[in-house]
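Below: the structure, in structure tokens.
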Amino acid sequence: MTDPESHAGRTLHRLAAALLVAGAALPLTACGPARFEAQPSIPAPLVPQIPVVVGLYVPPAFRDHVHQEKRWGTEWVIALGRPQTDGFTRLVNAMFLRVVPVAAPDAGARTDPAIRGVIEPVLEDFAFVTPRDAGAAFYAASLRYRVNGYTPTGQLRDSWTFTGYGSVPSTAIPTGGTELLQRATALAMRDAGAKLAAEFREQAIARGLLSADQAGDAASGATPGAAEAPATEEAPRPEGPPSAPPPP
């Protein structure tokens with residue numbers, strides 16, 4: 001006859017051995033860095049074009065940027081360079097009459113005589129928050145950008161700083177924090193893109209690219225040819241009987 005205590009002892013031994021193996025495997029999974037690339041979805045902006053030709057200089061520090069940070073025993077490696085470069089390039093091509101890539105901030109005049117100025121994107125700061133940091137059930141990210149504006153020969157004319165924010169609840173994806181932080185980062189990048197498209201033309205850096213007449217149009221929101229743009233189409237008239245003519 002099998003001794004019940006002996007059987008129970010063997011069962012507990014096997015369970016302990018299984019837990020030991022599983023516990024030994026966990027550090028192998030957790031000790032590696034958490035890697036991801038931001039994947040924002042940035043739609044084409046529905047804004048009137050700024051009617052000038054600009055040069056676009058994207059510095060290597062912006063184009064190749066990778067954020068690395070160790071927190072709570074986890075090393076985060078977050079690739080921001082390619083998606084932010086693609087998003088910024090797509091936006092400015094929609095915002096201006098024509099955009100010409102240039103090799104340096106002072107290369108505008110010698111690259112294309114039509115260039116009115118050169119713009120340069122700079123990532124000033126990236127920050128993120130996890131539930132453990134915040135003591136709350138969400139992941140959040142922020143990106144602070146600066147756009148420098150240069151004359152065609154490279155003198156700094158002005159700059160403008162803006163920030164994008166994004167957050168997601170920690171219950172949005174049950175598989176873990178890497179995907180949640182990736183989503184929060186993508187939302188922050190999308191928010192920054194929306195601010196760039198909507199607010200840039202109101203800044204001094206944009207007015208410095210325009211002639212006096214164009215600056216007046218920009219201040220009023222008017223753009224040559226804007227009557228044909230979808231963003232300024234006349235709204236459909238409501239259906240119903242025509243209004244009565246005024247009395248004589």
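Just remember, in the structure tokens the first chain shown is A, the second B, etc., residues are 1-based per chain, and ligands are 1-based in the order shown.
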
So which residues touch Gly87 of chain A within 9 Å, counting only C-alpha atoms, skipping near sequence neighbours fewer than 2 positions away, as an MDAnalysis selection string? chainID A and resid 40:42 82:85 89:92 189:190 193

Using N, CA and C atoms, can you write the selected residues to a file as a PDB file, in the first residue's frame?
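This is the output file result-v1.pdb:
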ATOM      1  N   PRO A  40       3.427  55.669 -35.018  1.00  0.00           N
ATOM      2  CA  PRO A  40       2.281  56.581 -35.035  1.00  0.00           C
ATOM      3  C   PRO A  40       1.543  56.535 -36.373  1.00  0.00           C
ATOM      4  N   SER A  41       0.266  56.852 -36.304  1.00  0.00           N
ATOM      5  CA  SER A  41      -0.534  57.042 -37.508  1.00  0.00           C
ATOM      6  C   SER A  41      -0.851  58.526 -37.596  1.00  0.00           C
ATOM      7  N   ILE A  42      -0.155  59.219 -38.489  1.00  0.00           N
ATOM      8  CA  ILE A  42      -0.304  60.673 -38.592  1.00  0.00           C
ATOM      9  C   ILE A  42      -1.000  60.998 -39.900  1.00  0.00           C
ATOM     10  N   ARG A  82      13.286  57.101 -36.882  1.00  0.00           N
ATOM     11  CA  ARG A  82      12.641  56.892 -38.180  1.00  0.00           C
ATOM     12  C   ARG A  82      11.186  57.359 -38.192  1.00  0.00           C
ATOM     13  N   PRO A  83      10.360  56.962 -37.202  1.00  0.00           N
ATOM     14  CA  PRO A  83       8.963  57.399 -37.265  1.00  0.00           C
ATOM     15  C   PRO A  83       8.785  58.908 -37.129  1.00  0.00           C
ATOM     16  N   GLN A  84       9.593  59.570 -36.282  1.00  0.00           N
ATOM     17  CA  GLN A  84       9.407  61.015 -36.167  1.00  0.00           C
ATOM     18  C   GLN A  84       9.902  61.737 -37.420  1.00  0.00           C
ATOM     19  N   THR A  85      10.936  61.199 -38.064  1.00  0.00           N
ATOM     20  CA  THR A  85      11.410  61.797 -39.319  1.00  0.00           C
ATOM     21  C   THR A  85      10.376  61.634 -40.419  1.00  0.00           C
ATOM     22  N   THR A  89       8.408  64.880 -41.979  1.00  0.00           N
ATOM     23  CA  THR A  89       8.568  65.131 -43.417  1.00  0.00           C
ATOM     24  C   THR A  89       7.225  65.136 -44.124  1.00  0.00           C
ATOM     25  N   ARG A  90       6.360  64.188 -43.771  1.00  0.00           N
ATOM     26  CA  ARG A  90       5.034  64.124 -44.393  1.00  0.00           C
ATOM     27  C   ARG A  90       4.221  65.373 -44.075  1.00  0.00           C
ATOM     28  N   LEU A  91       4.292  65.835 -42.845  1.00  0.00           N
ATOM     29  CA  LEU A  91       3.515  67.002 -42.447  1.00  0.00           C
ATOM     30  C   LEU A  91       3.977  68.269 -43.149  1.00  0.00           C
ATOM     31  N   VAL A  92       5.291  68.537 -43.151  1.00  0.00           N
ATOM     32  CA  VAL A  92       5.752  69.786 -43.747  1.00  0.00           C
ATOM     33  C   VAL A  92       5.534  69.789 -45.261  1.00  0.00           C
ATOM     34  N   MET A 189       3.280  61.170 -30.301  1.00  0.00           N
ATOM     35  CA  MET A 189       3.841  61.639 -31.566  1.00  0.00           C
ATOM     36  C   MET A 189       2.733  62.173 -32.480  1.00  0.00           C
ATOM     37  N   ARG A 190       1.589  61.515 -32.467  1.00  0.00           N
ATOM     38  CA  ARG A 190       0.451  61.983 -33.272  1.00  0.00           C
ATOM     39  C   ARG A 190      -0.038  63.337 -32.755  1.00  0.00           C
ATOM     40  N   GLY A 193       2.290  66.017 -33.863  1.00  0.00           N
ATOM     41  CA  GLY A 193       2.067  66.305 -35.274  1.00  0.00           C
ATOM     42  C   GLY A 193       0.851  67.178 -35.498  1.00  0.00           C
TER      43      GLY A 193
END

Need the shell around Ser159 of chain A: protein/DNA/RNA residues with any atom at most 7 Å away, counting only C-alpha atoms. Skip same-chain ones fewer than 2 positions apart. Format as number ranges by chain? A: 146-149, 161, 205

Export of the given selection (N, CA and C atoms) as an mmCIF file, in the first residue's frame:
data_model
loop_
_atom_site.group_PDB
_atom_site.id
_atom_site.type_symbol
_atom_site.label_atom_id
_atom_site.label_comp_id
_atom_site.auth_asym_id
_atom_site.auth_seq_id
_atom_site.Cartn_x
_atom_site.Cartn_y
_atom_site.Cartn_z
ATOM 1 N N ARG A 146 11.419 71.093 -30.864
ATOM 2 C CA ARG A 146 11.715 72.476 -31.232
ATOM 3 C C ARG A 146 11.939 72.522 -32.734
ATOM 4 N N VAL A 147 11.342 73.490 -33.382
ATOM 5 C CA VAL A 147 11.589 73.719 -34.804
ATOM 6 C C VAL A 147 12.405 74.997 -34.932
ATOM 7 N N ASN A 148 13.594 74.878 -35.509
ATOM 8 C CA ASN A 148 14.443 76.046 -35.769
ATOM 9 C C ASN A 148 14.185 76.551 -37.181
ATOM 10 N N GLY A 149 14.139 77.862 -37.322
ATOM 11 C CA GLY A 149 13.985 78.475 -38.635
ATOM 12 C C GLY A 149 15.209 79.299 -38.985
ATOM 13 N N THR A 161 8.755 75.871 -29.855
ATOM 14 C CA THR A 161 8.740 74.626 -29.105
ATOM 15 C C THR A 161 7.302 74.196 -28.834
ATOM 16 N N ILE A 205 7.993 82.142 -36.271
ATOM 17 C CA ILE A 205 8.889 81.416 -37.182
ATOM 18 C C ILE A 205 8.273 81.278 -38.563
#

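Proximity to His65 of chain A at 9 Å, evaluated using only C-alpha atoms and with sequence-adjacent residues fewer than 3 positions away removed, yields Pro60, Ala61, Phe62, Ile78, Ala79, Leu80, Gly81, Arg82 and Leu123 of chain A.
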
Next, dump the selected residues to file, keeping only C-alpha atoms, as a PDB file, in the first residue's frame.
ATOM      1  CA  PRO A  60      21.325  62.827 -37.713  1.00  0.00           C
ATOM      2  CA  ALA A  61      20.509  63.192 -34.004  1.00  0.00           C
ATOM      3  CA  PHE A  62      16.833  63.527 -34.943  1.00  0.00           C
ATOM      4  CA  ILE A  78      12.857  53.007 -27.782  1.00  0.00           C
ATOM      5  CA  ALA A  79      13.504  53.869 -31.439  1.00  0.00           C
ATOM      6  CA  LEU A  80      12.060  57.301 -32.221  1.00  0.00           C
ATOM      7  CA  GLY A  81      14.213  58.506 -35.136  1.00  0.00           C
ATOM      8  CA  ARG A  82      12.641  56.892 -38.180  1.00  0.00           C
ATOM      9  CA  LEU A 123      13.784  66.463 -30.253  1.00  0.00           C
TER      10      LEU A 123
END

Any idea what's packed within 6 Å of segment 126-137 of chain A, counting only C-alpha atoms, ignoring anything in its chain fewer than 4 positions away? Could you give it as a list in words? Ala141, Ser142, Leu143, Pro169 and Ser170 of chain A

Could those residues be written to a file, using C-alpha atoms, as a PDB file, in the first residue's frame?
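What ended up in out.pdb:
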ATOM      1  CA  ALA A 141       4.571  59.473 -22.838  1.00  0.00           C
ATOM      2  CA  SER A 142       5.515  62.981 -23.899  1.00  0.00           C
ATOM      3  CA  LEU A 143       7.751  64.381 -26.645  1.00  0.00           C
ATOM      4  CA  PRO A 169      -4.884  52.585 -19.507  1.00  0.00           C
ATOM      5  CA  SER A 170      -2.814  49.629 -18.362  1.00  0.00           C
TER       6      SER A 170
END

Quick one: pick out all strand (DSSP E) residues within segment 52-239 of chain A from a backbone DSSP run and write them as an MDAnalysis selection string. chainID A and resid 52:56 66:71 74:79 96:101 115:129 138:150 156:169

All residues 8 Å or closer to Val168 of chain A, only C-alpha atoms, same chain fewer than 6 positions away omitted, as a PyMOL selection string: chain A and resi 138-140+180-181+183-184

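Using only C-alpha atoms, the nearest neighbour of Asp125 of chain A within the list A:Thr185, A:Gln39, A:Asn93, A:Thr163 is A:Thr163.
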
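Atom to atom, atom CA of Phe88 of chain A and atom CA of Pro43 of chain A stand 11.3 Å apart.
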
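For the pair atom CA of Gly166 of chain A and atom CA of Leu187 of chain A, the separation is 4.6 Å.
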
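Between Tyr57 of chain A and the residues A:Pro101, A:Gly164, A:Gly117, A:Gly73, the shortest atom-to-atom distance, using only C-alpha atoms, involves A:Pro101.
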
If you run DSSP on this backbone, which residues of segment 96-176 of chain A come out as helix (DSSP H, G or I), and could you give them as a list of chain:residue names? A:Gly108, A:Ala109, A:Arg110, A:Thr111, A:Pro131, A:Arg132, A:Asp133, A:Ala134
